[in-house]
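Shown next: protein_15.pdb, given as PDB, C-alpha atoms.
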```
MODEL        1
ATOM      1  CA  MET N   1       0.000   0.000   0.000  1.00  0.00           C
ATOM      2  CA  ARG N   2       3.021   2.337   0.028  1.00  0.00           C
ATOM      3  CA  HIS N   3       2.219   3.713  -3.437  1.00  0.00           C
ATOM      4  CA  ALA N   4      -1.347   4.504  -2.355  1.00  0.00           C
ATOM      5  CA  MET N   5      -0.126   6.348   0.699  1.00  0.00           C
ATOM      6  CA  ALA N   6       2.196   8.484  -1.410  1.00  0.00           C
ATOM      7  CA  ALA N   7      -0.880  10.297  -2.698  1.00  0.00           C
ATOM      8  CA  TRP N   8      -1.689  11.568   0.809  1.00  0.00           C
ATOM      9  CA  ARG N   9      -0.753  15.230   1.044  1.00  0.00           C
ATOM     10  CA  PRO N  10       0.104  17.020   4.296  1.00  0.00           C
ATOM     11  CA  VAL N  11      -2.618  19.225   5.774  1.00  0.00           C
ATOM     12  CA  ARG N  12      -1.356  22.180   7.799  1.00  0.00           C
ATOM     13  CA  SER N  13      -4.127  22.087  10.374  1.00  0.00           C
ATOM     14  CA  LEU N  14      -7.611  20.878  11.165  1.00  0.00           C
ATOM     15  CA  ILE N  15      -8.853  24.371  10.272  1.00  0.00           C
ATOM     16  CA  TYR N  16      -8.215  23.434   6.648  1.00  0.00           C
ATOM     17  CA  VAL N  17     -10.521  20.468   7.070  1.00  0.00           C
ATOM     18  CA  LEU N  18     -13.254  22.729   8.393  1.00  0.00           C
ATOM     19  CA  MET N  19     -12.806  25.192   5.519  1.00  0.00           C
ATOM     20  CA  LEU N  20     -13.624  22.400   3.086  1.00  0.00           C
ATOM     21  CA  GLY N  21     -16.983  21.906   4.783  1.00  0.00           C
ATOM     22  CA  LEU N  22     -16.545  18.285   5.769  1.00  0.00           C
ATOM     23  CA  CYS N  23     -19.886  17.966   7.523  1.00  0.00           C
ATOM     24  CA  ILE N  24     -22.905  15.831   6.835  1.00  0.00           C
ATOM     25  CA  GLY N  25     -25.915  16.797   8.864  1.00  0.00           C
ATOM     26  CA  SER N  26     -26.352  14.977  12.131  1.00  0.00           C
ATOM     27  CA  ALA N  27     -29.275  14.800  14.503  1.00  0.00           C
ATOM     28  CA  TYR N  28     -26.868  14.444  17.406  1.00  0.00           C
ATOM     29  CA  ALA N  29     -24.846  16.900  19.419  1.00  0.00           C
ATOM     30  CA  ALA N  30     -21.088  16.516  19.578  1.00  0.00           C
ATOM     31  CA  PRO N  31     -19.858  13.739  21.865  1.00  0.00           C
ATOM     32  CA  THR N  32     -19.240  14.843  25.419  1.00  0.00           C
ATOM     33  CA  PRO N  33     -15.558  15.261  26.348  1.00  0.00           C
ATOM     34  CA  GLU N  34     -15.899  12.352  28.756  1.00  0.00           C
ATOM     35  CA  THR N  35     -17.310   9.893  26.219  1.00  0.00           C
ATOM     36  CA  ALA N  36     -14.868  11.058  23.535  1.00  0.00           C
ATOM     37  CA  ARG N  37     -11.867  10.585  25.804  1.00  0.00           C
ATOM     38  CA  ALA N  38     -13.113   7.196  26.951  1.00  0.00           C
ATOM     39  CA  MET N  39     -13.525   6.032  23.368  1.00  0.00           C
ATOM     40  CA  ILE N  40     -10.062   7.211  22.312  1.00  0.00           C
ATOM     41  CA  ASP N  41      -8.500   5.844  25.490  1.00  0.00           C
ATOM     42  CA  GLN N  42      -9.837   2.409  24.520  1.00  0.00           C
ATOM     43  CA  VAL N  43      -8.677   2.761  20.907  1.00  0.00           C
ATOM     44  CA  GLY N  44      -5.265   3.925  22.080  1.00  0.00           C
ATOM     45  CA  LYS N  45      -4.878   0.927  24.341  1.00  0.00           C
ATOM     46  CA  GLU N  46      -5.744  -1.356  21.435  1.00  0.00           C
ATOM     47  CA  VAL N  47      -3.228   0.360  19.138  1.00  0.00           C
ATOM     48  CA  LEU N  48      -0.639   0.048  21.919  1.00  0.00           C
ATOM     49  CA  GLY N  49      -1.440  -3.645  22.193  1.00  0.00           C
ATOM     50  CA  VAL N  50      -0.796  -4.138  18.472  1.00  0.00           C
ATOM     51  CA  LEU N  51       2.240  -1.915  17.854  1.00  0.00           C
ATOM     52  CA  GLY N  52       3.723  -2.680  21.251  1.00  0.00           C
ATOM     53  CA  ASN N  53       3.688  -6.435  20.689  1.00  0.00           C
ATOM     54  CA  ALA N  54       7.138  -7.442  19.423  1.00  0.00           C
ATOM     55  CA  GLU N  55       5.855 -10.955  18.662  1.00  0.00           C
ATOM     56  CA  LEU N  56       3.585  -9.741  15.841  1.00  0.00           C
ATOM     57  CA  ASN N  57       4.994  -9.500  12.330  1.00  0.00           C
ATOM     58  CA  GLY N  58       4.014  -6.740   9.906  1.00  0.00           C
ATOM     59  CA  GLU N  59       1.157  -8.679   8.326  1.00  0.00           C
ATOM     60  CA  GLN N  60      -0.323  -9.544  11.714  1.00  0.00           C
ATOM     61  CA  GLN N  61      -0.071  -5.922  12.847  1.00  0.00           C
ATOM     62  CA  GLN N  62      -1.804  -4.793   9.654  1.00  0.00           C
ATOM     63  CA  THR N  63      -4.658  -7.274  10.114  1.00  0.00           C
ATOM     64  CA  GLN N  64      -5.239  -6.344  13.753  1.00  0.00           C
ATOM     65  CA  LEU N  65      -5.073  -2.600  13.051  1.00  0.00           C
ATOM     66  CA  ILE N  66      -7.670  -2.981  10.303  1.00  0.00           C
ATOM     67  CA  GLU N  67      -9.981  -4.821  12.693  1.00  0.00           C
ATOM     68  CA  LEU N  68      -9.781  -2.185  15.416  1.00  0.00           C
ATOM     69  CA  LEU N  69     -10.053   0.757  12.977  1.00  0.00           C
ATOM     70  CA  GLN N  70     -13.149  -0.822  11.461  1.00  0.00           C
ATOM     71  CA  ARG N  71     -14.793  -0.699  14.884  1.00  0.00           C
ATOM     72  CA  ALA N  72     -13.609   2.842  15.605  1.00  0.00           C
ATOM     73  CA  ILE N  73     -14.506   4.629  12.345  1.00  0.00           C
ATOM     74  CA  ASN N  74     -17.920   5.374  10.816  1.00  0.00           C
ATOM     75  CA  LEU N  75     -16.842   4.366   7.329  1.00  0.00           C
ATOM     76  CA  ASP N  76     -20.193   5.147   5.707  1.00  0.00           C
ATOM     77  CA  ILE N  77     -19.917   8.830   6.666  1.00  0.00           C
ATOM     78  CA  THR N  78     -16.194   8.972   5.946  1.00  0.00           C
ATOM     79  CA  GLY N  79     -16.729   7.513   2.495  1.00  0.00           C
ATOM     80  CA  ARG N  80     -19.454  10.027   1.695  1.00  0.00           C
ATOM     81  CA  LEU N  81     -17.318  12.922   2.905  1.00  0.00           C
ATOM     82  CA  ILE N  82     -14.476  11.806   0.682  1.00  0.00           C
ATOM     83  CA  LEU N  83     -16.642  11.394  -2.418  1.00  0.00           C
ATOM     84  CA  GLY N  84     -18.150  14.848  -1.836  1.00  0.00           C
ATOM     85  CA  LYS N  85     -20.465  16.204  -4.535  1.00  0.00           C
ATOM     86  CA  GLN N  86     -20.050  13.039  -6.592  1.00  0.00           C
ATOM     87  CA  TRP N  87     -22.100  11.206  -3.966  1.00  0.00           C
ATOM     88  CA  ARG N  88     -25.173  13.264  -4.867  1.00  0.00           C
ATOM     89  CA  THR N  89     -24.962  12.436  -8.569  1.00  0.00           C
ATOM     90  CA  ALA N  90     -24.017   8.759  -8.196  1.00  0.00           C
ATOM     91  CA  THR N  91     -26.642   6.110  -8.885  1.00  0.00           C
ATOM     92  CA  PRO N  92     -27.827   3.869  -6.015  1.00  0.00           C
ATOM     93  CA  GLU N  93     -25.818   1.018  -7.549  1.00  0.00           C
ATOM     94  CA  GLN N  94     -22.667   3.159  -7.749  1.00  0.00           C
ATOM     95  CA  ARG N  95     -23.092   4.307  -4.147  1.00  0.00           C
ATOM     96  CA  GLU N  96     -23.481   0.743  -2.923  1.00  0.00           C
ATOM     97  CA  GLU N  97     -20.419  -0.501  -4.795  1.00  0.00           C
ATOM     98  CA  TYR N  98     -18.351   2.541  -3.817  1.00  0.00           C
ATOM     99  CA  LEU N  99     -18.945   2.021  -0.090  1.00  0.00           C
ATOM    100  CA  LYS N 100     -18.331  -1.719  -0.415  1.00  0.00           C
ATOM    101  CA  LEU N 101     -14.966  -1.041  -2.071  1.00  0.00           C
ATOM    102  CA  PHE N 102     -14.088   2.012  -0.005  1.00  0.00           C
ATOM    103  CA  LYS N 103     -14.105   0.268   3.348  1.00  0.00           C
ATOM    104  CA  PRO N 104     -11.286  -2.273   2.762  1.00  0.00           C
ATOM    105  CA  TYR N 105      -9.437   0.272   0.594  1.00  0.00           C
ATOM    106  CA  ALA N 106      -9.446   3.005   3.250  1.00  0.00           C
ATOM    107  CA  LEU N 107      -8.810   0.689   6.181  1.00  0.00           C
ATOM    108  CA  ALA N 108      -5.762  -0.872   4.533  1.00  0.00           C
ATOM    109  CA  ASN N 109      -4.359   2.559   3.660  1.00  0.00           C
ATOM    110  CA  LEU N 110      -4.912   3.988   7.131  1.00  0.00           C
ATOM    111  CA  ALA N 111      -3.556   0.911   8.904  1.00  0.00           C
ATOM    112  CA  SER N 112      -0.453   1.082   6.714  1.00  0.00           C
ATOM    113  CA  ARG N 113      -0.038   4.754   7.549  1.00  0.00           C
ATOM    114  CA  ILE N 114      -0.207   4.111  11.280  1.00  0.00           C
ATOM    115  CA  ARG N 115       1.958   0.989  11.086  1.00  0.00           C
ATOM    116  CA  ALA N 116       4.601   2.916   9.120  1.00  0.00           C
ATOM    117  CA  SER N 117       5.216   4.871  12.311  1.00  0.00           C
ATOM    118  CA  ASN N 118       6.354   1.731  14.110  1.00  0.00           C
ATOM    119  CA  ALA N 119      10.111   1.979  14.658  1.00  0.00           C
ATOM    120  CA  LYS N 120      12.481  -0.900  15.242  1.00  0.00           C
ATOM    121  CA  VAL N 121      11.478  -0.878  18.897  1.00  0.00           C
ATOM    122  CA  PRO N 122       7.880  -1.627  20.007  1.00  0.00           C
ATOM    123  CA  LEU N 123       5.525   1.232  20.788  1.00  0.00           C
ATOM    124  CA  GLN N 124       5.994   2.209  24.420  1.00  0.00           C
ATOM    125  CA  THR N 125       2.943   4.311  25.304  1.00  0.00           C
ATOM    126  CA  PHE N 126       0.379   6.823  24.117  1.00  0.00           C
ATOM    127  CA  THR N 127      -1.234   9.837  25.711  1.00  0.00           C
ATOM    128  CA  ILE N 128      -4.258  12.055  25.082  1.00  0.00           C
ATOM    129  CA  VAL N 129      -2.846  15.553  24.735  1.00  0.00           C
ATOM    130  CA  ASP N 130      -5.796  17.743  23.732  1.00  0.00           C
ATOM    131  CA  GLN N 131      -9.447  17.866  22.765  1.00  0.00           C
ATOM    132  CA  LYS N 132     -11.575  20.577  21.226  1.00  0.00           C
ATOM    133  CA  ALA N 133     -14.988  21.073  19.672  1.00  0.00           C
ATOM    134  CA  LEU N 134     -14.959  21.733  15.916  1.00  0.00           C
ATOM    135  CA  SER N 135     -18.687  22.174  15.338  1.00  0.00           C
ATOM    136  CA  ASP N 136     -22.045  21.414  16.909  1.00  0.00           C
ATOM    137  CA  SER N 137     -21.618  17.757  15.948  1.00  0.00           C
ATOM    138  CA  ASP N 138     -17.866  17.095  15.940  1.00  0.00           C
ATOM    139  CA  LEU N 139     -15.065  16.992  18.491  1.00  0.00           C
ATOM    140  CA  VAL N 140     -11.358  16.271  17.979  1.00  0.00           C
ATOM    141  CA  VAL N 141      -9.206  14.314  20.412  1.00  0.00           C
ATOM    142  CA  SER N 142      -5.446  14.520  19.826  1.00  0.00           C
ATOM    143  CA  THR N 143      -3.133  11.696  20.875  1.00  0.00           C
ATOM    144  CA  ASP N 144       0.611  11.124  20.775  1.00  0.00           C
ATOM    145  CA  LEU N 145       2.290   7.734  20.326  1.00  0.00           C
ATOM    146  CA  PHE N 146       5.731   7.313  21.878  1.00  0.00           C
ATOM    147  CA  TRP N 147       8.662   5.070  20.973  1.00  0.00           C
ATOM    148  CA  PRO N 148      11.867   5.167  23.044  1.00  0.00           C
ATOM    149  CA  GLY N 149      14.336   7.538  21.399  1.00  0.00           C
ATOM    150  CA  TYR N 150      11.894   8.875  18.798  1.00  0.00           C
ATOM    151  CA  PRO N 151       9.748  12.044  18.662  1.00  0.00           C
ATOM    152  CA  PRO N 152       6.018  11.669  19.400  1.00  0.00           C
ATOM    153  CA  TYR N 153       3.739  10.605  16.562  1.00  0.00           C
ATOM    154  CA  ARG N 154       0.489  12.598  16.432  1.00  0.00           C
ATOM    155  CA  LEU N 155      -2.934  11.149  15.650  1.00  0.00           C
ATOM    156  CA  ASP N 156      -5.987  13.446  15.695  1.00  0.00           C
ATOM    157  CA  TRP N 157      -9.363  11.706  15.831  1.00  0.00           C
ATOM    158  CA  ARG N 158     -12.419  13.638  14.617  1.00  0.00           C
ATOM    159  CA  LEU N 159     -15.374  12.160  16.485  1.00  0.00           C
ATOM    160  CA  ARG N 160     -19.136  12.243  16.063  1.00  0.00           C
ATOM    161  CA  ASP N 161     -22.059  10.467  17.734  1.00  0.00           C
ATOM    162  CA  ALA N 162     -23.265   7.561  15.607  1.00  0.00           C
ATOM    163  CA  ASP N 163     -26.901   6.621  14.999  1.00  0.00           C
ATOM    164  CA  ASP N 164     -26.626   3.734  17.446  1.00  0.00           C
ATOM    165  CA  GLY N 165     -25.537   6.052  20.266  1.00  0.00           C
ATOM    166  CA  THR N 166     -21.854   5.123  20.161  1.00  0.00           C
ATOM    167  CA  VAL N 167     -19.008   7.515  19.362  1.00  0.00           C
ATOM    168  CA  LYS N 168     -17.160   6.964  16.072  1.00  0.00           C
ATOM    169  CA  ALA N 169     -14.360   8.705  14.215  1.00  0.00           C
ATOM    170  CA  ILE N 170     -15.205  10.272  10.855  1.00  0.00           C
ATOM    171  CA  ASP N 171     -11.631  11.339  10.076  1.00  0.00           C
ATOM    172  CA  VAL N 172      -8.159  10.480  11.325  1.00  0.00           C
ATOM    173  CA  VAL N 173      -5.317  12.977  10.862  1.00  0.00           C
ATOM    174  CA  VAL N 174      -1.944  11.207  10.969  1.00  0.00           C
ATOM    175  CA  GLN N 175       1.022  13.556  11.474  1.00  0.00           C
ATOM    176  CA  GLY N 176      -0.965  16.406   9.891  1.00  0.00           C
ATOM    177  CA  VAL N 177      -2.299  14.290   7.023  1.00  0.00           C
ATOM    178  CA  SER N 178      -6.106  14.084   6.965  1.00  0.00           C
ATOM    179  CA  MET N 179      -7.491  10.846   5.581  1.00  0.00           C
ATOM    180  CA  VAL N 180     -10.595  12.648   4.310  1.00  0.00           C
ATOM    181  CA  VAL N 181      -8.888  15.626   2.685  1.00  0.00           C
ATOM    182  CA  SER N 182      -6.049  13.723   1.060  1.00  0.00           C
ATOM    183  CA  GLN N 183      -8.215  10.838  -0.153  1.00  0.00           C
ATOM    184  CA  ARG N 184     -10.784  13.294  -1.488  1.00  0.00           C
ATOM    185  CA  SER N 185      -8.037  14.997  -3.497  1.00  0.00           C
ATOM    186  CA  GLU N 186      -6.858  11.671  -4.898  1.00  0.00           C
ATOM    187  CA  PHE N 187     -10.362  10.497  -5.804  1.00  0.00           C
ATOM    188  CA  SER N 188     -11.323  13.860  -7.344  1.00  0.00           C
ATOM    189  CA  SER N 189      -8.282  13.679  -9.604  1.00  0.00           C
ATOM    190  CA  VAL N 190      -9.287  10.226 -10.850  1.00  0.00           C
ATOM    191  CA  ILE N 191     -12.936  11.231 -11.316  1.00  0.00           C
ATOM    192  CA  SER N 192     -12.029  14.374 -13.284  1.00  0.00           C
ATOM    193  CA  ARG N 193      -9.977  12.227 -15.642  1.00  0.00           C
ATOM    194  CA  ASP N 194     -11.896   8.942 -15.837  1.00  0.00           C
ATOM    195  CA  GLY N 195     -15.298   9.607 -14.254  1.00  0.00           C
ATOM    196  CA  LEU N 196     -16.819   7.818 -11.277  1.00  0.00           C
ATOM    197  CA  GLU N 197     -16.743   4.487 -13.110  1.00  0.00           C
ATOM    198  CA  GLY N 198     -13.024   4.968 -13.604  1.00  0.00           C
ATOM    199  CA  LEU N 199     -12.582   5.464  -9.868  1.00  0.00           C
ATOM    200  CA  LEU N 200     -14.601   2.343  -9.104  1.00  0.00           C
ATOM    201  CA  GLU N 201     -12.492   0.317 -11.519  1.00  0.00           C
ATOM    202  CA  GLN N 202      -9.287   1.564  -9.884  1.00  0.00           C
ATOM    203  CA  MET N 203     -10.653   0.686  -6.442  1.00  0.00           C
ATOM    204  CA  ARG N 204     -11.657  -2.784  -7.654  1.00  0.00           C
ATOM    205  CA  ARG N 205      -8.113  -3.463  -8.824  1.00  0.00           C
ATOM    206  CA  GLN N 206      -6.639  -2.120  -5.575  1.00  0.00           C
ATOM    207  CA  VAL N 207      -8.937  -4.135  -3.316  1.00  0.00           C
ATOM    208  CA  GLU N 208      -8.545  -7.342  -5.328  1.00  0.00           C
ATOM    209  CA  ARG N 209      -4.735  -7.080  -5.516  1.00  0.00           C
ATOM    210  CA  PRO N 210      -3.004  -9.779  -3.442  1.00  0.00           C
ATOM    211  CA  ALA N 211      -1.421  -8.509  -0.217  1.00  0.00           C
TER     212      ALA N 211
ENDMDL
END
```
Show me the file's structure as structure tokens.
Amino acid sequence: MRHAMAAWRPVRSLIYVLMLGLCIGSAYAAPTPETARAMIDQVGKEVLGVLGNAELNGEQQQTQLIELLQRAINLDITGRLILGKQWRTATPEQREEYLKLFKPYALANLASRIRASNAKVPLQTFTIVDQKALSDSDLVVSTDLFWPGYPPYRLDWRLRDADDGTVKAIDVVVQGVSMVVSQRSEFSSVISRDGLEGLLEQMRRQVERPA
């Protein structure tokens, strides 16, 4: 997945994300600071368990990261945010296939991005360093991952209440790189050149490619 991750472009700050209007209407208020921190504390412990386990090889780390990210992220909303205006013009069949392909595609990319941070020594610890409200529906919790002898590695989790009452991430910003913003840029480039069907075909090839 390294070539796919090369398309991710750095984002200077979360303000840039807000300027792009990455919001889909929600009937819920933003998660409370307590529930947001509790959710990220649990996710952080799981990430620590994966990247801090020296007995896991790279493939095993990737598989376990994908599983925990799948539970932590509302991929339906994330996928719609990334597709942007193309979502409104897509047919029901295109929407269904896009989301089906997007989920393994995005999870593999994000897991690779996080796993790429893992140095030669196992992850030692993580800490929640900040949280702030971004809108009436969204709240960001910032975390740092620490390896002995290396600078902290920042993950910002943009959280929103889900329809089932749980708290889910709708974007993850890894070292200043927003999954939503960068993936939207990549997809928009493909769509402008090859149309939505061209994007779906590219995603089919990526998802079906052997690991």
Open item on the list: Quick one: residues within 9 Å of Leu65 of chain N, only C-alpha atoms, excluding same-chain residues fewer than 6 positions away - as a ChimeraX atom specification?
Closed with: /N:46-47,50-51,107-108,110-112,114-115
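Here atom CA of Gln70 of chain N and atom CA of Thr143 of chain N stand 18.6 Å from one another.
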- [ ] Starting from the point (10.1, 6.0, 16.5), work out which residues of protein, DNA or RNA have an atom no more than 8 Å away when counting only C-alpha atoms; state them as number ranges by chain.
- [x] N: 117-121, 123, 146-153
Go ahead and save the residues from that selection, with C-alpha atoms, as a compact mmCIF listing (two decimals), keeping the file's coordinate frame.
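Once everything was written out, this is again_29.txt:
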```txt
# COMPACT_ATOMS: atom_id res chain seq x y z
CA SER N 117 5.22 4.87 12.31
CA ASN N 118 6.35 1.73 14.11
CA ALA N 119 10.11 1.98 14.66
CA LYS N 120 12.48 -0.90 15.24
CA VAL N 121 11.48 -0.88 18.90
CA LEU N 123 5.52 1.23 20.79
CA PHE N 146 5.73 7.31 21.88
CA TRP N 147 8.66 5.07 20.97
CA PRO N 148 11.87 5.17 23.04
CA GLY N 149 14.34 7.54 21.40
CA TYR N 150 11.89 8.88 18.80
CA PRO N 151 9.75 12.04 18.66
CA PRO N 152 6.02 11.67 19.40
CA TYR N 153 3.74 10.60 16.56
```
TODO: Go through the shown structure with the PyMOL selection byres ((chain N and resi 34-43) around 10) and write out the matching residues as a ChimeraX atom specification.
DONE: /N:30-33,44-49,68-69,71-72,126-128,130-131,139-143,156-161,166-169
Any chance you could work out the axis-aligned box around segment 97-108 of chain N, listed atoms only, 4 Å on each side, giving centre and edge lengths in Å to one decimal, as JSON?
```
{"center_x": -13.1, "center_y": 0.4, "center_z": 0.7, "size_x": 22.7, "size_y": 13.3, "size_z": 19.0}
```
TODO: Pick out the closest residue to Arg113 of chain N from this set: N:Val173, N:Leu99, N:Ile77, N:Val180. Count all atoms listed in the file.
DONE: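 Checking each of N:Val173, N:Leu99, N:Ile77, N:Val180 against Arg113 of chain N, counting all atoms listed in the file, the winner is N:Val173.
Atom CA of Asp138 of chain N to atom CA of Ser178 of chain N spans 15.1 Å [interatomic distance, one decimal].
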TODO: Would you mind reading off the distance between atom CA of Glu208 of chain N and atom CA of Glu59 of chain N, one decimal, in Å?
DONE: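 Going from atom CA of Glu208 of chain N over to atom CA of Glu59 of chain N covers 16.8 Å.
Against the coordinates shown, the PyMOL selection byres ((chain N and resi 190) around 12) returns Ala7, Leu83, Gln86, Gln183, Arg184, Ser185, Glu186, Phe187, Ser188, Ser189, Ile191, Ser192, Arg193, Asp194, Gly195, Leu196, Glu197, Gly198, Leu199, Leu200, Glu201, Gln202 and Met203 of chain N.
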